[in-house]
Number of protein chains: 2
Amino acid sequence: MSDPQRRPRLPRGALTPDLIVSTALRLLDEDGAAAFSMPRLGRALGADQTAVYRHFTGRDDLLLAVADRLLQEAFEGFTAAPYWADTLAELCRRVRATYLAHPAAAALSGPRTTRGSAEMRAADTMIGALIDAGFDGARAATLYRVVADFALLWSGGEAAFHSLAPETKAAETAGANLAYRAADPDSHPNVHAIRDHLPKVDPDELFETALRLLLDSIVRESGDDGKRSWS
Amino acid sequence: MSDPQRRPRLPRGALTPDLIVSTALRLLDEDGAAAFSMPRLGRALGADQTAVYRHFTGRDDLLLAVADRLLQEAFEGFTAAPYWADTLAELCRRVRATYLAHPAAAALSGPRTTRGSAEMRAADTMIGALIDAGFDGARAATLYRVVADFALLWSGGEAAFHSLAPETKAAETAGANLAYRAADPDSHPNVHAIRDHLPKVDPDELFETALRLLLDSIVRESGDDGKRSWS
DNA sequence: CACCGATGTCAATGCCTTGGACTATACTTT
DNA sequence: AAAGTATAGTCCAAGGCATTGACATCGGTG
């Protein structure tokens with residue numbers, strides 16, 4: 001009667017950082033950010049609740065590794081486009097697509113940068129594109145940060161929203177639309193005026209619009225304007 | 001010996017939502033996001049650990065109220081500028097200034113929108129500016145969301161970074177700069193080429209650049225180009 | 001003046017992160 | 001091959017947190 005089904009000890013080497021990160025990502029994808037915890041991760045690995053601490057110094061450290069995995073996935077197989085602006089656009093779109101595919105993971109890793117190899121490779125590609133475009137070092141550095149931060153923050157924000165509990169998310173959307181519709185014509189005439197359009201704004205369109213506004217300005221500043229088109 | 005200094009019961013009505021939100025904001029400003037908790041907040045109010053639950057349904061509800069307070073502060077005393085693009089710019093800058101003044105609070109309220117009166121007022125002003133600029137309803141709706149989301153997400157991202165533990169923050173910055181300097185000229189030639197400029201990118205300059213790129217495109221699209229200048 | 005609902009307090013639950021001590025085991029060294 | 005050792009997995013425990021439900025007290029109402 002004694003031991004109520006003690007799980008057999010895992011063999012040595014059963015847990016690797018790679019496996020742990022993969023399992024964490026799967027757990028986040030399946031159960032959401034709120035349900036994620038170190039004990040759960042340990043159990044999902046078939047190990048002790050605290051086993052993960054042998055490979056990562058803490059929860060934070062682990063999440064950083066998950067963030068890097070996301071970026072790896074985002075940039076996998078990427079090659080620069082012929083026109084530099086397309087390269088920038090494509091990298092931004094890849095970040096967003098990956099974050100939307102793993103919203104919980106993206107929401108948790110948040111605004112931290114990882115400087116893993118994936119990120120460095122993307123940085124090099126972006127900076128190369130900007131140098132191609134004719135920008136000098138200082139300006140290229142600034143514009144690289146603008147574009148990269150835009151992609152990460154925008155995508156991260158969208159991901160954070162999608163990783164809210166479904167009811168919260170629904171309530172948020174419904175509440176916003178209601179607030180628009182109910183806008184008082186006297187105190188909020190402009191909201192009232194376009195109240196029918198506000199709920200129809202599409203996230204994809206929003207991102208593409210922001211990206212286009214940003215890149216159009218950069219293309220114009222580069223002097224390439226009219227010579228090449230990008231999409 | 002019995003009662004080891006029992007705190008006297010608070011008088012009825014001592015706790016109001018307003019006071020609670022103010023105290024929460026102060027606590028966040030002073031001790032940071034990581035140190036914030038419902039028990040601490042209760043104690044800081046001189047009340048029981050669980051007293052706050054009489055006024056807010058939970059932590060989330062409270063943080064939403066804090067977020068709304070931030071926006072109130074951001075838009076306090078604002079009046080539209082003569083030129084519409086200046087109005088947009090000013091609103092964005094105000095959001096950022098407030099978020100940077102309260103990084104922990106901003107980081108916790110994250111990408112949630114509050115639809116409090118402050119937010120609605122700002123929305124109305126922004127949309128009014130865009131209608132002034134000549135945009136039709138659908139485009140005004142999209143551009144409003146682009147500009148508002150940009151301001152909130154960018155500022156929120158910066159705030160989140162600033163609300164990291166000081167050592168983490170320092171390590172992050174130092175690590176990034178180190179990674180740039182150490183970039184291998186063969187595998188990362190472009191990072192290497194501008195390695196001296198990358199650490200010098202200033203957050204204020206970054207935000208202003210992004211804002212300018214965005215608004216310049218919008219001004220251009222409006223057809224106002226050349227007629228008026230904005231800053 | 002007795003009620004009653006709102007507001008503050010208390011006690012308790014179940015989860016979490018993290019640290020320290022313990023143990024089995026694969027590799028190393030001879 | 002025997003012994004030693006560092007590592008990887010396990011166990012246990014401390015301390016904190018969010019939240020809930022029962023209880024107490026107090027102001028206003030009829």
# chains A, B, ... in the order shown; residues from 1 in each chain; ligands from 1
>>> closest_atom_pairs(of="chain C", to="chain B", cutoff="7 Å", atoms="only C-alpha atoms (C1' of nucleotides)", output="CSV")
residue,atom,partner,partner_atom,distance
C:DT7,C1',B:Arg12,CA,6.3
C:DG8,C1',B:Ala51,CA,6.4
C:DT9,C1',B:Asp48,CA,6.5
>>> write_last_selection(atoms="C-alpha atoms (C1' of nucleotides)", output="compact mmCIF listing (two decimals), in the first residue's frame")
# COMPACT_ATOMS: atom_id res chain seq x y z
C1' DT C 7 -17.66 47.67 4.15
C1' DG C 8 -13.81 46.15 6.74
C1' DT C 9 -11.62 41.93 8.91
>>> closest_atom_pairs(of="chain D", to="chain A", cutoff="12 Å", atoms="only C-alpha atoms (C1' of nucleotides)", output="JSON lines")
{"residue": "D:DT7", "atom": "C1'", "partner": "A:Arg12", "partner_atom": "CA", "distance": 8.8}
{"residue": "D:DA8", "atom": "C1'", "partner": "A:Arg12", "partner_atom": "CA", "distance": 6.0}
{"residue": "D:DG9", "atom": "C1'", "partner": "A:Ala51", "partner_atom": "CA", "distance": 6.4}
{"residue": "D:DT10", "atom": "C1'", "partner": "A:Asp48", "partner_atom": "CA", "distance": 6.5}
{"residue": "D:DC11", "atom": "C1'", "partner": "A:Asp48", "partner_atom": "CA", "distance": 9.1}
{"residue": "D:DC12", "atom": "C1'", "partner": "A:Thr50", "partner_atom": "CA", "distance": 11.3}
>>> interface_residues(of="chain A", to="chain B", cutoff="7 Å", atoms="only C-alpha atoms", output="ChimeraX atom specification")
/A:111,115,121,124,127-128,137-138,141-142,146,153-154,157,160-161,176,188,190-191,194,197-198,201,206,210,213-214,216-217
>>> atom_distance(atom1="CA of Ala107 (chain A)", atom2="CA of Glu90 (chain B)")
28.6 Å
>>> atom_distance(atom1="CA of Trp230 (chain A)", atom2="CA of Ala97 (chain A)")
19.2 Å
>>> select_by_dssp(residues="region 37-136 of chain B", states="alpha helix (DSSP H)", output="ChimeraX atom specification")
/B:38-44,59-75,84-101,103-109,117-132
>>> residues_around(residues="region 14-22 of chain D", least_positions_apart="2", cutoff="10 Å", atoms="only C-alpha atoms (C1' of nucleotides)", output="number ranges by chain")
B: 37-39, 50, 53, 57-59; C: 10-19; D: 12, 24
>>> atom_distance(atom1="CA of Asp18 (chain A)", atom2="CA of Leu178 (chain B)")
25.0 Å
>>> closest_residue(among="D:DC23, D:DA3, D:DA13, D:DT29", to="DG20 (chain C)", atoms="only C-alpha atoms (C1' of nucleotides)")
D:DA13
>>> residues_around(residues="Gly32 (chain B)", least_positions_apart="4", cutoff="10 Å", atoms="only C-alpha atoms (C1' of nucleotides)", output="list in words")
Leu25, Arg26, Leu27, Leu28, Phe36, His102, Pro103, Ala104, Ala105, Ala107, His162, Ser163, Leu164 and Ala165 of chain B
>>> write_last_selection(atoms="N, CA and C atoms", output="mmCIF file, in the first residue's frame")
data_model
loop_
_atom_site.group_PDB
_atom_site.id
_atom_site.type_symbol
_atom_site.label_atom_id
_atom_site.label_comp_id
_atom_site.auth_asym_id
_atom_site.auth_seq_id
_atom_site.Cartn_x
_atom_site.Cartn_y
_atom_site.Cartn_z
ATOM 1 N N LEU B 25 -0.995 53.342 -7.609
ATOM 2 C CA LEU B 25 -0.075 54.025 -8.518
ATOM 3 C C LEU B 25 1.196 54.444 -7.777
ATOM 4 N N ARG B 26 1.032 54.964 -6.569
ATOM 5 C CA ARG B 26 2.194 55.373 -5.785
ATOM 6 C C ARG B 26 3.086 54.172 -5.498
ATOM 7 N N LEU B 27 2.456 53.095 -5.089
ATOM 8 C CA LEU B 27 3.196 51.879 -4.775
ATOM 9 C C LEU B 27 3.972 51.385 -5.995
ATOM 10 N N LEU B 28 3.314 51.394 -7.135
ATOM 11 C CA LEU B 28 3.966 50.952 -8.357
ATOM 12 C C LEU B 28 5.140 51.862 -8.700
ATOM 13 N N PHE B 36 4.573 44.696 -6.561
ATOM 14 C CA PHE B 36 3.164 45.023 -6.339
ATOM 15 C C PHE B 36 2.326 43.771 -6.099
ATOM 16 N N HIS B 102 5.473 56.695 -15.231
ATOM 17 C CA HIS B 102 4.919 55.614 -14.406
ATOM 18 C C HIS B 102 5.145 54.265 -15.080
ATOM 19 N N PRO B 103 6.397 53.896 -15.232
ATOM 20 C CA PRO B 103 6.681 52.712 -16.045
ATOM 21 C C PRO B 103 6.052 51.429 -15.517
ATOM 22 N N ALA B 104 6.088 51.241 -14.222
ATOM 23 C CA ALA B 104 5.559 49.984 -13.682
ATOM 24 C C ALA B 104 4.061 49.880 -13.943
ATOM 25 N N ALA B 105 3.350 50.959 -13.682
ATOM 26 C CA ALA B 105 1.908 50.959 -13.918
ATOM 27 C C ALA B 105 1.619 50.735 -15.392
ATOM 28 N N ALA B 107 3.497 49.246 -17.583
ATOM 29 C CA ALA B 107 3.851 47.894 -17.989
ATOM 30 C C ALA B 107 2.767 46.908 -17.585
ATOM 31 N N HIS B 162 11.710 49.775 -18.911
ATOM 32 C CA HIS B 162 12.162 50.547 -17.753
ATOM 33 C C HIS B 162 11.698 49.969 -16.432
ATOM 34 N N SER B 163 10.662 49.180 -16.482
ATOM 35 C CA SER B 163 10.163 48.638 -15.219
ATOM 36 C C SER B 163 10.799 47.287 -14.907
ATOM 37 N N LEU B 164 11.759 46.877 -15.714
ATOM 38 C CA LEU B 164 12.517 45.680 -15.359
ATOM 39 C C LEU B 164 13.367 45.978 -14.121
ATOM 40 N N ALA B 165 13.750 44.946 -13.440
ATOM 41 C CA ALA B 165 14.672 45.131 -12.312
ATOM 42 C C ALA B 165 15.931 45.821 -12.826
#
>>> decode(residues="region 57-118 of chain B", atoms="C-alpha atoms", output="short mmCIF file (atom, residue, chain, number, x, y, z; two decimals), in the first residue's frame")
data_model
loop_
_atom_site.label_atom_id
_atom_site.label_comp_id
_atom_site.auth_asym_id
_atom_site.auth_seq_id
_atom_site.Cartn_x
_atom_site.Cartn_y
_atom_site.Cartn_z
CA THR B 57 -13.54 42.47 -8.30
CA GLY B 58 -9.91 41.43 -8.62
CA ARG B 59 -6.42 42.43 -9.45
CA ASP B 60 -7.22 42.78 -13.11
CA ASP B 61 -10.10 45.10 -12.53
CA LEU B 62 -7.91 47.30 -10.36
CA LEU B 63 -5.12 47.48 -12.92
CA LEU B 64 -7.58 48.54 -15.55
CA ALA B 65 -8.59 51.43 -13.31
CA VAL B 66 -4.93 52.33 -12.87
CA ALA B 67 -4.53 52.32 -16.65
CA ASP B 68 -7.43 54.71 -16.98
CA ARG B 69 -5.89 56.98 -14.37
CA LEU B 70 -2.72 57.11 -16.44
CA LEU B 71 -4.61 58.19 -19.53
CA GLN B 72 -6.45 60.83 -17.53
CA GLU B 73 -3.13 62.19 -16.39
CA ALA B 74 -1.75 62.05 -19.93
CA PHE B 75 -4.53 64.09 -21.46
CA GLU B 76 -5.16 66.49 -18.62
CA GLY B 77 -5.43 70.04 -19.83
CA PHE B 78 -4.87 69.12 -23.44
CA THR B 79 -6.30 71.28 -26.16
CA ALA B 80 -6.05 70.70 -29.87
CA ALA B 81 -3.28 72.49 -31.75
CA PRO B 82 -4.03 74.75 -34.72
CA TYR B 83 -2.62 72.27 -37.21
CA TRP B 84 -4.07 68.77 -37.09
CA ALA B 85 -0.76 66.95 -37.40
CA ASP B 86 0.53 68.77 -34.34
CA THR B 87 -2.50 67.56 -32.43
CA LEU B 88 -1.71 63.96 -33.30
CA ALA B 89 1.94 64.39 -32.42
CA GLU B 90 1.19 66.07 -29.12
CA LEU B 91 -1.22 63.33 -28.04
CA CYS B 92 1.34 60.66 -28.83
CA ARG B 93 4.03 62.51 -26.92
CA ARG B 94 1.77 62.92 -23.92
CA VAL B 95 1.04 59.21 -23.75
CA ARG B 96 4.72 58.46 -23.88
CA ALA B 97 5.64 61.05 -21.26
CA THR B 98 3.06 59.69 -18.85
CA TYR B 99 4.03 56.08 -19.42
CA LEU B 100 7.68 56.89 -18.86
CA ALA B 101 6.74 58.72 -15.67
CA HIS B 102 4.92 55.61 -14.41
CA PRO B 103 6.68 52.71 -16.05
CA ALA B 104 5.56 49.98 -13.68
CA ALA B 105 1.91 50.96 -13.92
CA ALA B 106 2.17 51.26 -17.68
CA ALA B 107 3.85 47.89 -17.99
CA LEU B 108 1.16 46.16 -15.97
CA SER B 109 -1.82 47.71 -17.67
CA GLY B 110 -0.24 46.62 -20.91
CA PRO B 111 -2.21 46.49 -24.10
CA ARG B 112 -5.61 46.72 -22.45
CA THR B 113 -7.81 49.61 -23.43
CA THR B 114 -10.04 51.17 -20.85
CA ARG B 115 -12.59 53.17 -22.76
CA GLY B 116 -12.73 55.50 -19.83
CA SER B 117 -13.72 59.10 -20.48
CA ALA B 118 -10.12 60.17 -20.93
#
